[in-house]
Structures are given as C-alpha cells and as structure tokens.
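File shown: my_file.tsv. Contents: TSV, C-alpha atoms.
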chain	number	residue	atom	x	y	z
V	7	MET	CA	-50.52	-87.48	-67.48
V	8	SER	CA	-49.59	-91.04	-68.36
V	9	ASN	CA	-50.90	-94.51	-67.77
V	10	HIS	CA	-47.47	-95.85	-66.87
V	11	GLU	CA	-47.00	-97.50	-70.25
V	12	THR	CA	-43.26	-97.88	-69.71
V	13	THR	CA	-42.00	-101.42	-69.96
V	14	TYR	CA	-38.50	-102.27	-68.86
V	15	PRO	CA	-36.06	-104.36	-70.89
V	16	THR	CA	-34.15	-107.17	-69.23
V	17	TYR	CA	-30.96	-105.11	-68.75
V	18	ALA	CA	-32.95	-102.44	-66.84
V	19	LYS	CA	-34.50	-105.12	-64.64
V	20	ILE	CA	-31.06	-106.60	-63.91
V	21	ILE	CA	-29.64	-103.18	-63.00
V	22	HIS	CA	-32.62	-102.45	-60.73
V	23	LEU	CA	-32.40	-105.89	-59.12
V	24	GLY	CA	-28.64	-105.47	-58.55
V	25	ILE	CA	-29.17	-102.12	-56.84
V	26	VAL	CA	-32.00	-103.55	-54.73
V	27	VAL	CA	-30.19	-106.71	-53.67
V	28	PHE	CA	-26.74	-105.25	-53.06
V	29	GLY	CA	-28.02	-101.94	-51.69
V	30	ILE	CA	-30.35	-103.48	-49.14
V	31	THR	CA	-28.01	-106.30	-48.10
V	32	ALA	CA	-25.10	-103.87	-47.72
V	33	PHE	CA	-27.37	-101.63	-45.64
V	34	LEU	CA	-28.52	-104.54	-43.45
V	35	THR	CA	-24.98	-105.81	-42.87
V	36	GLY	CA	-23.61	-102.35	-42.03
V	37	GLU	CA	-24.17	-102.66	-38.29
V	38	LEU	CA	-22.64	-106.14	-38.28
V	39	ALA	CA	-19.34	-104.96	-39.75
V	40	GLU	CA	-17.52	-104.98	-36.42
V	41	ASP	CA	-15.18	-107.94	-36.93
V	42	VAL	CA	-12.99	-108.65	-39.94
V	43	SER	CA	-15.11	-111.31	-41.64
V	44	SER	CA	-18.41	-109.42	-41.36
V	45	TYR	CA	-16.63	-106.20	-42.41
V	46	PHE	CA	-15.52	-107.87	-45.64
V	47	ILE	CA	-19.01	-109.24	-46.30
V	48	HIS	CA	-20.41	-105.72	-45.88
V	49	ALA	CA	-17.59	-104.20	-47.95
V	50	TYR	CA	-17.99	-106.61	-50.86
V	51	LEU	CA	-21.76	-106.16	-50.90
V	52	GLY	CA	-21.16	-102.40	-50.97
V	53	LEU	CA	-18.56	-102.69	-53.73
V	54	SER	CA	-21.04	-104.77	-55.73
V	55	LEU	CA	-23.59	-101.99	-55.20
V	56	ALA	CA	-20.99	-99.50	-56.46
V	57	ALA	CA	-20.58	-101.57	-59.63
V	58	PHE	CA	-24.35	-101.56	-60.28
V	59	ILE	CA	-24.61	-97.83	-59.54
V	60	LEU	CA	-21.75	-97.17	-61.95
V	61	LEU	CA	-23.50	-99.30	-64.57
V	62	ARG	CA	-26.76	-97.39	-63.98
V	63	VAL	CA	-25.00	-94.05	-64.40
V	64	ILE	CA	-23.26	-95.19	-67.58
V	65	VAL	CA	-26.54	-96.42	-69.07
V	66	GLY	CA	-28.15	-93.11	-68.04
V	67	PHE	CA	-25.84	-91.32	-70.48
V	68	THR	CA	-26.57	-93.65	-73.39
V	69	PRO	CA	-29.44	-93.26	-75.86
V	70	SER	CA	-31.41	-95.90	-73.89
V	71	THR	CA	-34.96	-94.57	-73.84
V	72	THR	CA	-35.81	-96.46	-70.67
V	73	LEU	CA	-32.97	-95.41	-68.36
V	74	SER	CA	-31.69	-92.26	-70.02
V	75	PHE	CA	-31.13	-89.16	-67.91
V	76	LYS	CA	-32.10	-87.05	-70.95
V	77	GLY	CA	-35.13	-84.96	-70.08
V	78	TRP	CA	-34.92	-85.94	-66.40
V	79	SER	CA	-33.99	-82.90	-64.39
V	80	PRO	CA	-34.74	-83.35	-60.70
V	81	LEU	CA	-33.67	-79.76	-60.03
V	82	SER	CA	-35.87	-78.06	-62.61
V	83	ARG	CA	-38.73	-75.78	-61.63
V	84	LEU	CA	-41.14	-77.90	-63.71
V	85	GLN	CA	-40.13	-81.09	-61.88
V	86	TRP	CA	-40.77	-79.48	-58.50
V	87	GLN	CA	-44.09	-78.02	-59.67
V	88	LEU	CA	-45.21	-81.46	-60.88
V	89	ALA	CA	-44.11	-82.95	-57.55
V	90	PHE	CA	-46.04	-80.26	-55.67
V	91	ASP	CA	-49.11	-81.06	-57.80
V	92	ASP	CA	-48.62	-84.75	-57.01
V	93	VAL	CA	-48.55	-84.04	-53.27
V	94	LYS	CA	-51.78	-82.02	-53.62
V	95	SER	CA	-53.32	-84.99	-55.45
V	96	LEU	CA	-52.26	-87.36	-52.67
V	97	LEU	CA	-53.77	-85.04	-50.05
V	98	THR	CA	-57.11	-85.37	-51.87
V	99	LEU	CA	-56.63	-89.17	-51.87
V	100	ALA	CA	-55.98	-89.28	-55.62
V	101	VAL	CA	-52.97	-91.18	-56.93
V	102	PRO	CA	-51.02	-89.09	-59.46
V	103	HIS	CA	-50.09	-90.56	-62.84
V	104	ARG	CA	-46.93	-89.31	-64.48
V	105	ASP	CA	-44.48	-90.42	-67.11
V	106	LYS	CA	-41.30	-92.03	-65.81
V	107	HIS	CA	-38.97	-89.67	-63.98
V	108	GLN	CA	-41.65	-86.99	-63.64
V	109	GLY	CA	-43.14	-85.34	-60.57
V	110	LEU	CA	-42.90	-86.91	-57.15
V	111	ALA	CA	-41.91	-90.27	-58.63
V	112	GLY	CA	-39.01	-88.66	-60.49
V	113	LEU	CA	-37.79	-86.91	-57.35
V	114	THR	CA	-38.05	-90.15	-55.36
V	115	GLN	CA	-36.09	-92.05	-58.01
V	116	ALA	CA	-33.42	-89.34	-58.13
V	117	PHE	CA	-33.21	-89.35	-54.31
V	118	GLY	CA	-32.68	-93.12	-54.33
V	119	LEU	CA	-29.95	-93.01	-56.96
V	120	ILE	CA	-28.22	-90.17	-55.13
V	121	ILE	CA	-28.37	-91.94	-51.76
V	122	PHE	CA	-27.15	-95.28	-53.10
V	123	ALA	CA	-24.43	-93.56	-55.14
V	124	TRP	CA	-23.42	-91.59	-52.03
V	125	MET	CA	-23.18	-94.81	-50.03
V	126	ALA	CA	-21.26	-96.58	-52.80
V	127	VAL	CA	-18.75	-93.75	-53.25
V	128	THR	CA	-18.16	-93.17	-49.54
V	129	GLY	CA	-18.05	-96.90	-48.83
V	130	THR	CA	-15.50	-97.42	-51.60
V	131	GLY	CA	-13.48	-94.56	-50.14
V	132	LEU	CA	-13.56	-96.19	-46.72
V	133	PHE	CA	-12.49	-99.51	-48.20
V	134	LEU	CA	-9.57	-97.94	-50.05
V	135	LEU	CA	-8.44	-95.78	-47.11
V	136	ALA	CA	-8.76	-98.47	-44.44
V	137	GLY	CA	-5.50	-99.26	-42.73
V	138	PRO	CA	-3.79	-99.60	-39.39
V	139	THR	CA	-4.14	-95.87	-38.67
V	140	GLU	CA	-7.28	-93.95	-39.45
V	141	THR	CA	-6.69	-90.56	-41.00
V	142	VAL	CA	-8.78	-87.42	-40.65
V	143	LEU	CA	-10.03	-88.00	-44.21
V	144	PHE	CA	-11.09	-91.55	-43.31
V	145	GLU	CA	-13.01	-90.31	-40.27
V	146	PHE	CA	-14.71	-87.57	-42.32
V	147	ILE	CA	-15.78	-90.04	-45.03
V	148	GLU	CA	-16.99	-92.43	-42.32
V	149	GLU	CA	-19.23	-89.69	-40.85
V	150	VAL	CA	-20.59	-88.78	-44.29
V	151	HIS	CA	-21.23	-92.50	-44.94
V	152	GLU	CA	-23.21	-92.76	-41.70
V	153	ILE	CA	-25.37	-89.76	-42.67
V	154	GLY	CA	-26.27	-91.54	-45.90
V	155	GLU	CA	-27.02	-94.69	-43.91
V	156	SER	CA	-29.72	-92.82	-41.97
V	157	LEU	CA	-31.39	-91.66	-45.23
V	158	ILE	CA	-31.81	-95.14	-46.74
V	159	PRO	CA	-34.88	-96.06	-44.61
V	160	LEU	CA	-36.51	-92.76	-45.64
V	161	TYR	CA	-35.95	-93.54	-49.31
V	162	LEU	CA	-37.12	-97.15	-48.96
V	163	GLY	CA	-40.25	-95.96	-47.16
V	164	LEU	CA	-41.03	-93.49	-49.97
V	165	HIS	CA	-40.31	-95.93	-52.78
V	166	VAL	CA	-41.97	-99.02	-51.32
V	167	GLY	CA	-44.84	-96.88	-50.02
V	168	ALA	CA	-45.48	-95.50	-53.50
V	169	VAL	CA	-45.43	-98.98	-55.02
V	170	LEU	CA	-47.86	-100.25	-52.37
V	171	LEU	CA	-50.14	-97.23	-52.83
V	172	HIS	CA	-50.31	-97.87	-56.57
V	173	SER	CA	-50.99	-101.58	-55.95
V	174	PHE	CA	-53.78	-100.86	-53.44
V	175	THR	CA	-55.45	-98.56	-55.96
V	176	GLY	CA	-55.47	-101.22	-58.68
V	177	GLN	CA	-52.36	-100.07	-60.54
V	178	PRO	CA	-49.65	-102.61	-59.70
V	179	ILE	CA	-46.77	-100.71	-61.29
V	180	TRP	CA	-44.26	-103.10	-59.67
V	181	GLN	CA	-45.16	-105.58	-62.40
V	182	LYS	CA	-43.48	-103.34	-64.97
V	183	MET	CA	-40.16	-104.12	-63.28
V	184	PHE	CA	-40.61	-107.69	-62.07
V	185	LYS	CA	-43.17	-109.37	-64.31
V	186	TYR	CA	-41.95	-111.23	-67.35
V	187	ARG	CA	-44.11	-112.24	-70.27
V	188	THR	CA	-46.05	-115.40	-69.57
V	189	ASP	CA	-48.46	-115.23	-72.48
V	190	TYR	CA	-46.41	-117.31	-74.91
V	191	HIS	CA	-48.52	-119.84	-76.73
V	192	VAL	CA	-47.28	-123.10	-78.15
V	193	THR	CA	-49.05	-124.16	-81.30
V	194	ASN	CA	-48.91	-127.56	-82.92
V	195	LYS	CA	-48.45	-127.61	-86.67
For the structure just supplied, provide its representation as structure tokens.
Amino acid sequence: MSNHETTYPTYAKIIHLGIVVFGITAFLTGELAEDVSSYFIHAYLGLSLAAFILLRVIVGFTPSTTLSFKGWSPLSRLQWQLAFDDVKSLLTLAVPHRDKHQGLAGLTQAFGLIIFAWMAVTGTGLFLLAGPTETVLFEFIEEVHEIGESLIPLYLGLHVGAVLLHSFTGQPIWQKMFKYRTDYHVTNK
C-alpha cells in the first residue's frame, strides 16, 4: 500500500490537462455537430484530443517514471485481484491506497485512456473519410464512435467520483495533478 507519494512533473500535468480539456469539450460539442461550423468545432477539438492522446502514448513508452506503461498491466491477474480487494475495501467504507496504476485506480485510468483513444481514433477516421457520399466503412466507424460516446460519462463518473471520495476522506489526491508549489520564500540579503 502507498500514501500516494507520486508527484507529477509539468509535462504530465499539461498532458492530463490537454486530455481533460479537449476530451470533455469534444464530448460536449458532439451533439451540436449538426451543421458545418459546429461540426468543425467538434472535429478540431477531437483532433486536438487525438494529439494529446498520441503524446500520452508516446510518453508511456519512454523511461518517464511518472507516465511509463512499464509495470502497468491492466489485464494481469494481479491487477484484477488488487482491484477486487479495492472494491471489498470500498464496501467496508475504507478507501484503498495503492501506488499509481495499481488496483481499481489503475483499471479506471486504463479505461479512460482506452475510451479517449477510441474516440480520438474513430473521430479521426470519421474526419478523414467524410465526403459527399458516406461509405459502409464510414457508417461502421460512426457507430463505433457513438458506442464510445456512451462510455465517457461512465468513465468520468468513476474518475471524478474517486477523486471526490479521496477528498472527502481527507486525502485530496487531485492536488498532485493541479497544485503547483507555492512555498517559495524570498529572502533579503
């Protein structure tokens, strides 16, 4: 068990913020994309999300200790056992404490990356295949895109709910991502 000692460097905060801003705004503008101008707003927000997802994936394969995928296996038996233990803890009203990418938190983070990557890839496909006549492939990708759209609220509920739960129990883990050092002291010499 861990005390959430992970701190995030500025580049990790920027990547997270980019995924949050472009992912949520693209999601919110999805239903408005009926006319040409609102379609392009939605499309460019989605393409910006795709750029941040691509950046996150690239950084995941670097030696970065903060965002590395090394040692993070959402499909492993251990990961699912830790997640199951975390659910049992929650049922007894105890908040689980794990290292980053472990247990239920790790599965939730993986789910979010997969959903936003899914939306970015399918949305990019729709943007590239859009034309005067819609093909069977376009219609298939559009259906797959809409399935992903229905999963975003589930992910946001899990992620935001976990952050709120930690905050209500006196462990505001959100500060690890959004709080910057404010304890700089100026001394006169």
Smallest atom-to-atom distance to V:Ala123: which of V:His165, V:Lys94, V:His107, V:Arg62, using all atoms listed in the file? V:Arg62
Excluding stretch 32-41 of chain V and its own-chain neighbours fewer than 5 positions away, which residues fall within 9 Å of it when counting only C-alpha atoms? Please give them as a ChimeraX atom specification. /V:27,46-53,55,155,158
Nearest candidate to V:Ser70 (options V:Tyr161, V:Tyr17, V:Phe122, V:Phe133; using only C-alpha atoms):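 When distances to V:Ser70 are compared using only C-alpha atoms, the smallest one comes from V:Tyr17.
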Check the smallest atom-to-atom distance from each of V:Leu157, V:Ala168, V:Leu132, V:Leu97 to V:Phe117 using all atoms listed in the file, then report the winner.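 That would be V:Leu157, the residue with the smallest distance to V:Phe117.
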What gap, in Å, lies between atom CA of V:Val150 and atom CA of V:Gly129?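 Going from atom CA of V:Val150 over to atom CA of V:Gly129, I get 9.6 Å.
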